[in-house]
Every structure is written in C-alpha cells, then in structure tokens.
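Participant: You'll find data_22.cif just under this line, and it carries mmCIF, C-alpha atoms.
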```cif
data_input
loop_
_atom_site.group_PDB
_atom_site.id
_atom_site.type_symbol
_atom_site.label_atom_id
_atom_site.label_comp_id
_atom_site.auth_asym_id
_atom_site.auth_seq_id
_atom_site.Cartn_x
_atom_site.Cartn_y
_atom_site.Cartn_z
ATOM 1 C CA MET A 1461 8.551 4.568 -7.315
ATOM 2 C CA LEU A 1462 5.261 3.680 -5.742
ATOM 3 C CA ASN A 1463 4.029 2.077 -8.919
ATOM 4 C CA ALA A 1464 4.711 -0.985 -6.778
ATOM 5 C CA LEU A 1465 1.247 -0.262 -5.390
ATOM 6 C CA PHE A 1466 -0.409 -2.681 -6.713
ATOM 7 C CA ASN A 1467 -1.876 -5.721 -8.249
ATOM 8 C CA ARG A 1468 -4.159 -8.427 -7.051
ATOM 9 C CA ALA A 1469 -7.678 -8.849 -8.456
ATOM 10 C CA GLY A 1470 -10.189 -10.068 -5.928
ATOM 11 C CA ARG A 1471 -8.819 -8.303 -2.857
ATOM 12 C CA PRO A 1472 -11.245 -8.727 0.053
ATOM 13 C CA VAL A 1473 -11.353 -5.007 0.705
ATOM 14 C CA ALA A 1474 -12.568 -4.288 -2.826
ATOM 15 C CA ALA A 1475 -15.287 -6.858 -2.361
ATOM 16 C CA CYS A 1476 -16.157 -5.286 0.981
ATOM 17 C CA LEU A 1477 -16.521 -1.844 -0.528
ATOM 18 C CA ALA A 1478 -18.931 -3.208 -3.072
ATOM 19 C CA ALA A 1479 -20.806 -5.065 -0.343
ATOM 20 C CA VAL A 1480 -21.325 -1.967 1.791
ATOM 21 C CA GLY A 1481 -22.368 0.115 -1.184
ATOM 22 C CA ILE A 1482 -19.353 2.388 -1.564
ATOM 23 C CA ALA A 1483 -18.489 0.985 -4.971
ATOM 24 C CA THR A 1484 -22.015 0.421 -6.254
ATOM 25 C CA ALA A 1485 -22.472 1.679 -9.817
ATOM 26 C CA VAL A 1486 -18.993 3.243 -9.917
ATOM 27 C CA LEU A 1487 -16.799 0.244 -10.665
ATOM 28 C CA ILE A 1488 -14.726 0.787 -13.791
ATOM 29 C CA GLY A 1489 -11.208 0.352 -15.179
ATOM 30 C CA MET A 1490 -8.891 -2.275 -16.553
ATOM 31 C CA ASP A 1491 -10.036 -4.839 -14.018
ATOM 32 C CA GLY A 1492 -13.753 -4.101 -14.469
ATOM 33 C CA LEU A 1493 -15.647 -4.932 -11.315
ATOM 34 C CA ASP A 1494 -12.412 -5.544 -9.449
ATOM 35 C CA THR A 1495 -11.348 -1.899 -9.498
ATOM 36 C CA VAL A 1496 -13.004 0.903 -7.530
ATOM 37 C CA VAL A 1497 -13.151 4.100 -9.552
ATOM 38 C CA GLY A 1498 -10.147 6.306 -8.821
ATOM 39 C CA CYS A 1499 -7.970 3.464 -7.605
ATOM 40 C CA GLY A 1500 -5.487 3.641 -10.465
ATOM 41 C CA THR A 1501 -3.756 0.917 -12.417
ATOM 42 C CA ALA A 1502 -2.441 -2.038 -10.456
ATOM 43 C CA TYR A 1503 1.147 -3.210 -10.725
ATOM 44 C CA ASP A 1504 3.587 -5.108 -8.487
ATOM 45 C CA ASP A 1505 7.318 -4.520 -8.830
ATOM 46 C CA TYR A 1506 8.065 -7.562 -6.641
ATOM 47 C CA PRO A 1507 6.047 -10.462 -5.178
ATOM 48 C CA SER A 1508 4.295 -8.929 -2.174
ATOM 49 C CA GLU A 1509 1.465 -11.092 -0.887
ATOM 50 C CA THR A 1510 2.807 -13.643 1.585
ATOM 51 C CA ALA A 1511 5.210 -13.693 4.516
ATOM 52 C CA LYS A 1512 7.564 -15.648 2.242
ATOM 53 C CA ASP A 1513 7.399 -12.848 -0.336
ATOM 54 C CA TRP A 1514 8.215 -10.249 2.303
ATOM 55 C CA VAL A 1515 11.166 -12.162 3.756
ATOM 56 C CA THR A 1516 12.499 -13.056 0.306
ATOM 57 C CA GLN A 1517 12.174 -9.642 -1.320
ATOM 58 C CA ALA A 1518 12.176 -6.917 1.371
ATOM 59 C CA ASP A 1519 14.965 -5.263 3.326
ATOM 60 C CA HIS A 1520 12.824 -4.145 6.262
ATOM 61 C CA VAL A 1521 9.273 -4.533 7.532
ATOM 62 C CA VAL A 1522 8.311 -1.418 9.421
ATOM 63 C CA VAL A 1523 5.411 0.189 11.235
ATOM 64 C CA ALA A 1524 5.448 3.708 9.793
ATOM 65 C CA THR A 1525 3.456 6.912 10.104
ATOM 66 C CA PRO A 1526 3.439 9.669 7.441
ATOM 67 C CA THR A 1527 4.377 12.994 9.032
ATOM 68 C CA ALA A 1528 4.639 15.341 6.034
ATOM 69 C CA GLU A 1529 4.136 15.461 2.280
ATOM 70 C CA GLN A 1530 4.854 17.705 -0.680
ATOM 71 C CA GLU A 1531 3.753 17.658 -4.306
ATOM 72 C CA ILE A 1532 6.311 16.574 -6.893
ATOM 73 C CA ASN A 1533 6.491 15.458 -10.521
ATOM 74 C CA ARG A 1534 3.796 17.721 -11.937
ATOM 75 C CA ARG A 1535 2.587 16.626 -15.384
ATOM 76 C CA ASP A 1536 0.602 19.134 -17.475
ATOM 77 C CA PHE A 1537 -1.806 17.950 -20.173
ATOM 78 C CA THR A 1538 -2.883 19.985 -23.198
ATOM 79 C CA LYS A 1539 -5.927 17.822 -23.942
ATOM 80 C CA GLY A 1540 -8.536 15.935 -21.985
ATOM 81 C CA PRO A 1541 -10.390 16.634 -18.740
ATOM 82 C CA ILE A 1542 -7.275 16.581 -16.534
ATOM 83 C CA GLN A 1543 -5.257 19.818 -16.550
ATOM 84 C CA TYR A 1544 -2.371 18.417 -14.528
ATOM 85 C CA ALA A 1545 -1.441 15.623 -12.164
ATOM 86 C CA THR A 1546 1.172 15.309 -9.422
ATOM 87 C CA ASP A 1547 2.784 12.714 -7.209
ATOM 88 C CA ARG A 1548 3.613 13.230 -3.513
ATOM 89 C CA SER A 1549 6.877 12.833 -1.676
ATOM 90 C CA VAL A 1550 5.782 11.479 1.704
ATOM 91 C CA THR A 1551 8.011 11.579 4.789
ATOM 92 C CA PHE A 1552 7.464 8.682 7.204
ATOM 93 C CA ARG A 1553 8.429 8.209 10.826
ATOM 94 C CA ALA A 1554 9.702 4.675 11.412
ATOM 95 C CA ASP A 1555 7.763 3.795 14.575
ATOM 96 C CA ASP A 1556 9.014 0.222 14.871
ATOM 97 C CA VAL A 1557 11.065 -2.133 12.710
ATOM 98 C CA LEU A 1558 9.445 -5.568 12.989
ATOM 99 C CA TRP A 1559 11.932 -7.429 10.785
ATOM 100 C CA SER A 1560 15.131 -6.753 8.859
ATOM 101 C CA ALA A 1561 17.128 -8.873 6.460
ATOM 102 C CA LYS A 1562 20.481 -10.122 7.708
ATOM 103 C CA SER A 1563 22.162 -8.165 4.923
ATOM 104 C CA PRO A 1564 19.767 -5.364 3.884
ATOM 105 C CA ARG A 1565 20.521 -3.414 0.738
ATOM 106 C CA HIS A 1566 20.329 -0.191 2.761
ATOM 107 C CA SER A 1567 19.939 0.781 6.414
ATOM 108 C CA LEU A 1568 16.694 2.382 7.567
ATOM 109 C CA GLY A 1569 16.797 5.592 9.561
ATOM 110 C CA ASP A 1570 14.310 7.048 12.016
ATOM 111 C CA THR A 1571 12.609 8.740 9.054
ATOM 112 C CA PHE A 1572 12.463 7.963 5.364
ATOM 113 C CA ASP A 1573 10.833 9.321 2.206
ATOM 114 C CA MET A 1574 8.816 7.546 -0.437
ATOM 115 C CA VAL A 1575 6.872 8.587 -3.534
ATOM 116 C CA ALA A 1576 3.108 8.065 -3.336
ATOM 117 C CA ALA A 1577 0.020 8.767 -5.407
ATOM 118 C CA GLY A 1578 -0.723 12.489 -5.563
ATOM 119 C CA TRP A 1579 -3.463 14.649 -7.054
ATOM 120 C CA ARG A 1580 -5.403 15.256 -10.261
ATOM 121 C CA VAL A 1581 -6.770 18.687 -11.135
ATOM 122 C CA TYR A 1582 -9.629 18.963 -13.648
ATOM 123 C CA ARG A 1583 -9.415 21.541 -16.404
ATOM 124 C CA GLU A 1584 -12.927 23.021 -16.441
ATOM 125 C CA SER A 1585 -13.907 22.943 -12.773
ATOM 126 C CA GLY A 1586 -10.501 23.220 -11.152
ATOM 127 C CA ALA A 1587 -11.591 20.392 -8.861
ATOM 128 C CA ARG A 1588 -8.728 18.687 -7.066
ATOM 129 C CA THR A 1589 -9.107 14.945 -6.512
ATOM 130 C CA LYS A 1590 -6.991 12.315 -4.812
ATOM 131 C CA ALA A 1591 -5.060 9.935 -7.008
ATOM 132 C CA THR A 1592 -5.013 6.457 -5.525
ATOM 133 C CA SER A 1593 -3.472 3.092 -6.279
ATOM 134 C CA ALA A 1594 -5.471 -0.063 -6.867
ATOM 135 C CA TYR A 1595 -6.216 -2.225 -3.826
ATOM 136 C CA ALA A 1596 -3.857 -0.264 -1.573
ATOM 137 C CA PRO A 1597 -3.546 2.628 0.860
ATOM 138 C CA ARG A 1598 -2.934 6.113 -0.503
ATOM 139 C CA LEU A 1599 -0.511 6.652 2.418
ATOM 140 C CA GLU A 1600 -1.919 9.691 4.204
ATOM 141 C CA THR A 1601 -0.921 11.648 7.285
ATOM 142 C CA GLY A 1602 -3.019 10.817 10.324
ATOM 143 C CA HIS A 1603 -2.751 7.075 9.708
ATOM 144 C CA THR A 1604 -0.251 4.285 10.342
ATOM 145 C CA TYR A 1605 0.873 1.540 7.982
ATOM 146 C CA LEU A 1606 2.675 -1.769 7.896
ATOM 147 C CA LEU A 1607 5.181 -1.605 5.031
ATOM 148 C CA ALA A 1608 7.524 -4.172 3.514
ATOM 149 C CA LEU A 1609 10.289 -1.945 2.099
ATOM 150 C CA ARG A 1610 12.952 -2.610 -0.510
ATOM 151 C CA TRP A 1611 15.799 -0.304 -1.495
ATOM 152 C CA ALA A 1612 15.670 0.066 -5.280
ATOM 153 C CA ASP A 1613 16.880 2.741 -7.702
ATOM 154 C CA ASP A 1614 18.405 4.753 -4.838
ATOM 155 C CA GLY A 1615 15.204 5.012 -2.858
ATOM 156 C CA TRP A 1616 12.660 3.141 -0.761
ATOM 157 C CA THR A 1617 9.669 1.436 -2.313
ATOM 158 C CA VAL A 1618 7.122 -1.068 -1.096
ATOM 159 C CA LEU A 1619 7.257 -4.456 -2.777
ATOM 160 C CA GLY A 1620 3.738 -4.163 -4.163
ATOM 161 C CA GLU A 1621 0.066 -3.926 -3.288
ATOM 162 C CA GLY A 1622 0.285 -6.616 -0.624
ATOM 163 C CA ALA A 1623 3.184 -4.904 1.126
ATOM 164 C CA ALA A 1624 1.337 -1.732 2.170
ATOM 165 C CA VAL A 1625 -1.229 -2.576 4.847
ATOM 166 C CA PRO A 1626 -3.452 -0.257 6.917
ATOM 167 C CA PHE A 1627 -2.251 -0.506 10.527
ATOM 168 C CA ASP A 1628 -3.988 2.092 12.688
ATOM 169 C CA ASP A 1629 -3.890 1.230 16.406
ATOM 170 C CA ARG A 1630 -1.351 -1.492 15.587
ATOM 171 C CA THR A 1631 -4.129 -3.559 14.008
ATOM 172 C CA VAL A 1632 -3.808 -5.255 10.609
ATOM 173 C CA ALA A 1633 -6.357 -3.966 8.056
ATOM 174 C CA ARG A 1634 -7.589 -1.072 10.209
ATOM 175 C CA GLY A 1635 -7.207 2.411 8.760
ATOM 176 C CA GLU A 1636 -6.851 4.224 5.439
ATOM 177 C CA TRP A 1637 -7.270 2.256 2.235
ATOM 178 C CA CYS A 1638 -7.571 3.766 -1.243
ATOM 179 C CA GLY A 1639 -8.312 7.154 0.326
ATOM 180 C CA ARG A 1640 -11.068 5.786 2.564
ATOM 181 C CA VAL A 1641 -11.041 4.676 6.200
ATOM 182 C CA LEU A 1642 -12.022 1.067 6.934
ATOM 183 C CA SER A 1643 -12.167 -1.093 10.043
ATOM 184 C CA GLU A 1644 -10.885 -4.638 10.239
ATOM 185 C CA GLU A 1645 -14.542 -5.671 10.524
ATOM 186 C CA ASP A 1646 -15.159 -4.111 7.106
ATOM 187 C CA VAL A 1647 -12.382 -6.250 5.704
ATOM 188 C CA ALA A 1648 -13.562 -9.394 7.487
ATOM 189 C CA ARG A 1649 -17.060 -8.965 6.028
ATOM 190 C CA GLY A 1650 -15.503 -8.794 2.594
ATOM 191 C CA GLU A 1651 -13.487 -11.969 3.058
ATOM 192 C CA ARG A 1652 -16.420 -14.209 2.181
ATOM 193 C CA PHE A 1653 -16.477 -12.603 -1.269
ATOM 194 C CA SER A 1654 -12.731 -12.789 -1.915
ATOM 195 C CA ARG A 1655 -11.215 -15.266 -4.310
ATOM 196 C CA ILE A 1656 -9.724 -18.443 -2.936
ATOM 197 C CA GLU A 1657 -6.301 -17.715 -4.439
ATOM 198 C CA ASP A 1658 -5.866 -14.715 -2.113
ATOM 199 C CA LYS A 1659 -3.203 -16.054 0.270
ATOM 200 C CA SER A 1660 -1.976 -12.655 1.421
ATOM 201 C CA LEU A 1661 -0.420 -11.952 4.799
ATOM 202 C CA GLU A 1662 -2.976 -9.177 5.249
ATOM 203 C CA LYS A 1663 -5.867 -11.606 4.825
ATOM 204 C CA LEU A 1664 -4.232 -14.125 7.160
ATOM 205 C CA LEU A 1665 -3.686 -11.588 9.960
ATOM 206 C CA VAL A 1666 -6.765 -9.332 9.702
ATOM 207 C CA GLY A 1667 -7.445 -7.793 13.121
ATOM 208 C CA GLN A 1668 -4.164 -8.985 14.674
ATOM 209 C CA ASP A 1669 -1.215 -6.979 16.008
ATOM 210 C CA ASP A 1670 2.480 -6.514 15.307
ATOM 211 C CA GLU A 1671 3.447 -9.551 17.390
ATOM 212 C CA ALA A 1672 1.447 -11.752 15.030
ATOM 213 C CA VAL A 1673 3.259 -10.167 12.084
ATOM 214 C CA LYS A 1674 6.631 -10.859 13.706
ATOM 215 C CA ARG A 1675 5.730 -14.513 14.317
ATOM 216 C CA GLU A 1676 4.775 -15.024 10.679
ATOM 217 C CA LEU A 1677 7.961 -13.414 9.374
ATOM 218 C CA GLU A 1678 10.252 -15.171 11.824
ATOM 219 C CA GLY A 1679 8.704 -18.511 10.870
ATOM 220 C CA VAL A 1680 9.819 -18.184 7.242
ATOM 221 C CA ARG A 1681 13.010 -19.904 6.183
ATOM 222 C CA VAL A 1682 13.903 -19.177 2.569
ATOM 223 C CA LYS A 1683 16.863 -18.126 0.456
ATOM 224 C CA ARG A 1684 16.641 -14.402 -0.148
ATOM 225 C CA ASP A 1685 16.483 -12.891 -3.598
ATOM 226 C CA GLN A 1686 19.379 -10.529 -4.274
#
```
Turn the structure described in the file into structure tokens.
Facilitator:
Amino acid sequence: MLNALFNRAGRPVAACLAAVGIATAVLIGMDGLDTVVGCGTAYDDYPSETAKDWVTQADHVVVATPTAEQEINRRDFTKGPIQYATDRSVTFRADDVLWSAKSPRHSLGDTFDMVAAGWRVYRESGARTKATSAYAPRLETGHTYLLALRWADDGWTVLGEGAAVPFDDRTVARGEWCGRVLSEEDVARGERFSRIEDKSLEKLLVGQDDEAVKRELEGVRVKRDQ
C-alpha cells in the first residue's frame, strides 16, 4: 500500500544529499541523477504535494510515531543477486491529528498500521539492506512523521511522496528521510538546487511547526475528491 511513496523529481532533499556528498558517484535508477541509490521507484497514488492536495485527497493529517514493525510479504527470487525481499507492517501511534475531513472515509484511532518499505537480503553474502522509497522517509521507529492519510482498499496509505514528511521535534523536514537522518538546515541548503516547479507543502514550511501546518490546511477551501 505504501507504493504511494513517491514521485517528484527534483526534490530539494535529493539535491541536498548530492550537495553534501552522500549521493556522490552513487546516483542511479529510472530518474538518473534524481534518484539516490536504494531509494526505490517513485510513484504517487494521489496528488500529494500541496496543502490543496492534502485537503482534497486525504482523510486525516496526523503527527505519528512508529512504535513497532514486523516483516510481511516475503518474496523469494530464484535468480539474481537478491535472495528475497520483504515489506514491513508498521504500527504508528497517532500523537496529534492536525486536520480531518468533515466526512472522512474512515475514523482514525489512537494507533494505526500501514505497509512500508522493508528489507532486501543478498544471495551470496546474506547481507540485509534497507529498502527505501524515492524522495521519502522509510518510516522508522525512533522518529516522528507528518502524514496525510487516506483510507483506501481497506487500509491506511499516505497520498504520495509529498504526504510523508520528517517531523522530529515537531519540525517540518527534520528527521529520517530515505533511511538517513537530516536536519531542516540540510533541506534548506538543498533548496537552492531544487526545481522551480516544486511547490510542495514541505518546501513551503521547512523548519516550521505543527501550528504552521494547521494554518496552511485551514486556509484551503476546495471541493473534496470522493
């Protein structure tokens, strides 16, 4: 379900990683220099970038902390370097609901589960590596996130790459991203390299708190998508 994580070439964080040397000489994939190795294939199930996208498409916007995880959906491969891969079922604590639709598709409890990127195990070495999603958090315990959630196919999913935002210390763009830990200053340094069409809520509110998120969402007046 978390294939909603994630699609937007030119994300400022990706540019930042390249700028600070993390991605130097290891940038590969479908999006070429826009994809850090290991960050998976990008895809958005629903528009996810702007406050308008969130209010139009989501059921709830929540500050959430992963509290537990378990491996699911193991896939074994008979050929190639990967012996098997898994997803993770991640349990989140809903710390604070910042916004809810007037008629949400489903109510949100104190905890909820969501499928996230899991692990890859290599055949020869037995090495176990994190699977990640392009331009988005992996969603790991020990960190907090700002999530725009939609109830779809009998479960919770984020709208897309732009709807899963690092939020450690209640600060937009601070925390875990693509399996790494970044500060909002890291993201801000990358902004000067980002493409002008990046109009994301994350970019707009880098370094700000949940009250700023609430103001942006409450200022949107649109007809919701059903």
Participant: Identify which of the residues A:Gly1586, A:Pro1526, A:Gly1578, A:Gly1667 lies closest to A:Leu1607, counting all atoms listed in the file when measuring atom-to-atom distances.
Facilitator: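 Under the stated criterion, the closest residue is A:Pro1526.
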Participant: Of the candidates A:Asp1505, A:Asp1628, A:Asp1519, A:Asp1513, which shows the shortest atom-to-atom distance to A:Lys1562, using all atoms listed in the file?
Facilitator: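 Residue with the minimum atom-to-atom distance to A:Lys1562: A:Asp1519.
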Participant: Residues near A:Trp1559, anyone? I mean within 7 Å using all atoms listed in the file, not counting same-chain ones fewer than 5 positions away, as number ranges by chain.
Facilitator: A: 1520-1521, 1674
Participant: Taking the file as shown, find all residues satisfying the PyMOL selection byres ((chain A and resi 1528) around 9) and write them as a PyMOL selection string.
Facilitator: chain A and resi 1526-1527+1529-1530+1549-1552+1600-1601
Participant: Once the PyMOL selection byres ((chain A and resi 1625) around 6) is applied to the coordinates I shared, what remains selected? I want it as a PDB file with C-alpha atoms, keeping the file's coordinate frame.
Facilitator:
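Now in out_33.pdb:
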```pdb
ATOM      1  CA  TYR A1605       0.873   1.540   7.982  1.00  0.00           C
ATOM      2  CA  LEU A1606       2.675  -1.769   7.896  1.00  0.00           C
ATOM      3  CA  ALA A1624       1.337  -1.732   2.170  1.00  0.00           C
ATOM      4  CA  PRO A1626      -3.452  -0.257   6.917  1.00  0.00           C
TER       5      PRO A1626
END
```
Participant: Evaluate the PyMOL selection byres ((chain A and resi 1669) around 7) here and jot the selected residues down as a PyMOL selection string.
Facilitator: chain A and resi 1630-1632+1667-1668+1670-1673
Participant: Fewer than 3 positions away in the same chain doesn't count, so skip those; otherwise give me all residues within 9 Å of A:Glu1662, counting all atoms listed in the file, as a VMD selection string.
Facilitator: chain A and resid 1509 to 1510 1622 to 1623 1625 1632 to 1633 1659 1665 to 1666
Participant: When distances are computed from only C-alpha atoms, which of A:Lys1663, A:His1603, A:Lys1512, A:Arg1610 shows the smallest separation from A:Val1641?
Facilitator: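 Selected residue with least distance to A:Val1641: A:His1603.
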Participant: Between atom CA of A:Asp1629 and atom CA of A:Val1575, what is the distance, to one decimal in Å?
Facilitator: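 Spanning atom CA of A:Asp1629 to atom CA of A:Val1575 is a straight-line distance of 23.8 Å.
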Participant: With all atoms listed in the file as the counted atoms, please give the residues lying no more than 8 Å from A:Val1522, apart from itself and same-chain residues fewer than 4 positions off, as a short mmCIF file (atom, residue, chain, number, x, y, z; two decimals) with C-alpha atoms, keeping the file's coordinate frame.
Facilitator:
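File produced: around-v2.cif:
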```cif
data_model
loop_
_atom_site.label_atom_id
_atom_site.label_comp_id
_atom_site.auth_asym_id
_atom_site.auth_seq_id
_atom_site.Cartn_x
_atom_site.Cartn_y
_atom_site.Cartn_z
CA ALA A 1554 9.70 4.68 11.41
CA ASP A 1555 7.76 3.80 14.58
CA ASP A 1556 9.01 0.22 14.87
CA VAL A 1557 11.06 -2.13 12.71
CA LEU A 1558 9.44 -5.57 12.99
CA TRP A 1559 11.93 -7.43 10.78
CA LEU A 1606 2.68 -1.77 7.90
CA LEU A 1607 5.18 -1.60 5.03
CA ALA A 1608 7.52 -4.17 3.51
CA LEU A 1609 10.29 -1.94 2.10
#
```
Participant: Counting all atoms listed in the file, which residue out of A:Arg1598, A:Lys1590, A:Gly1615, A:Val1581 sits closest to A:Asp1536?
Facilitator: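 Checking each candidate against A:Asp1536, we get A:Val1581 as the closest.
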Participant: So which residues are close to (-7.8, 4.4, -0.6), meaning at most 8 Å away in the file's coordinates with all atoms listed in the file counted, and can you show them as a list in words?
Facilitator: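 Within the cut-off we find Cys1499, Thr1592, Ser1593, Tyr1595, Ala1596, Pro1597, Arg1598, Glu1636, Trp1637, Cys1638, Gly1639, Arg1640 and Val1641 of chain A.
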Participant: Dump C-alpha atoms for the selected residues as a tab-separated table (two decimals), in the frame of the given file?
Facilitator:
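Okay, this is what ended up in result28.tsv:
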```
chain	number	residue	atom	x	y	z
A	1499	CYS	CA	-7.97	3.46	-7.60
A	1592	THR	CA	-5.01	6.46	-5.52
A	1593	SER	CA	-3.47	3.09	-6.28
A	1595	TYR	CA	-6.22	-2.22	-3.83
A	1596	ALA	CA	-3.86	-0.26	-1.57
A	1597	PRO	CA	-3.55	2.63	0.86
A	1598	ARG	CA	-2.93	6.11	-0.50
A	1636	GLU	CA	-6.85	4.22	5.44
A	1637	TRP	CA	-7.27	2.26	2.24
A	1638	CYS	CA	-7.57	3.77	-1.24
A	1639	GLY	CA	-8.31	7.15	0.33
A	1640	ARG	CA	-11.07	5.79	2.56
A	1641	VAL	CA	-11.04	4.68	6.20
```
Participant: Within 10 Å of (4.4, 19.6, -8.9) in the file's own coordinates, which protein, DNA or RNA residues have an atom, counting only C-alpha atoms? List them as a compact mmCIF listing (two decimals) with C-alpha atoms, keeping the file's coordinate frame.
Facilitator:
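Heads up, here's the output in part.txt:
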```txt
# COMPACT_ATOMS: atom_id res chain seq x y z
CA GLN A 1530 4.85 17.70 -0.68
CA GLU A 1531 3.75 17.66 -4.31
CA ILE A 1532 6.31 16.57 -6.89
CA ASN A 1533 6.49 15.46 -10.52
CA ARG A 1534 3.80 17.72 -11.94
CA ARG A 1535 2.59 16.63 -15.38
CA ASP A 1536 0.60 19.13 -17.48
CA TYR A 1544 -2.37 18.42 -14.53
CA ALA A 1545 -1.44 15.62 -12.16
CA THR A 1546 1.17 15.31 -9.42
CA ASP A 1547 2.78 12.71 -7.21
CA ARG A 1548 3.61 13.23 -3.51
CA GLY A 1578 -0.72 12.49 -5.56
CA TRP A 1579 -3.46 14.65 -7.05
```
Participant: Under the rule that all atoms listed in the file are counted, which of A:Gly1635, A:Ala1511, A:Arg1583, A:Trp1616 is the nearest residue to A:Arg1675?
Facilitator: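 The shortest atom-to-atom distance to A:Arg1675 comes from A:Ala1511.
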Participant: Go ahead and compute the interatomic distance for atom CA of A:Tyr1506 and atom CA of A:Glu1621, in Å to one decimal.
Facilitator: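 So the answer is 9.4 Å.
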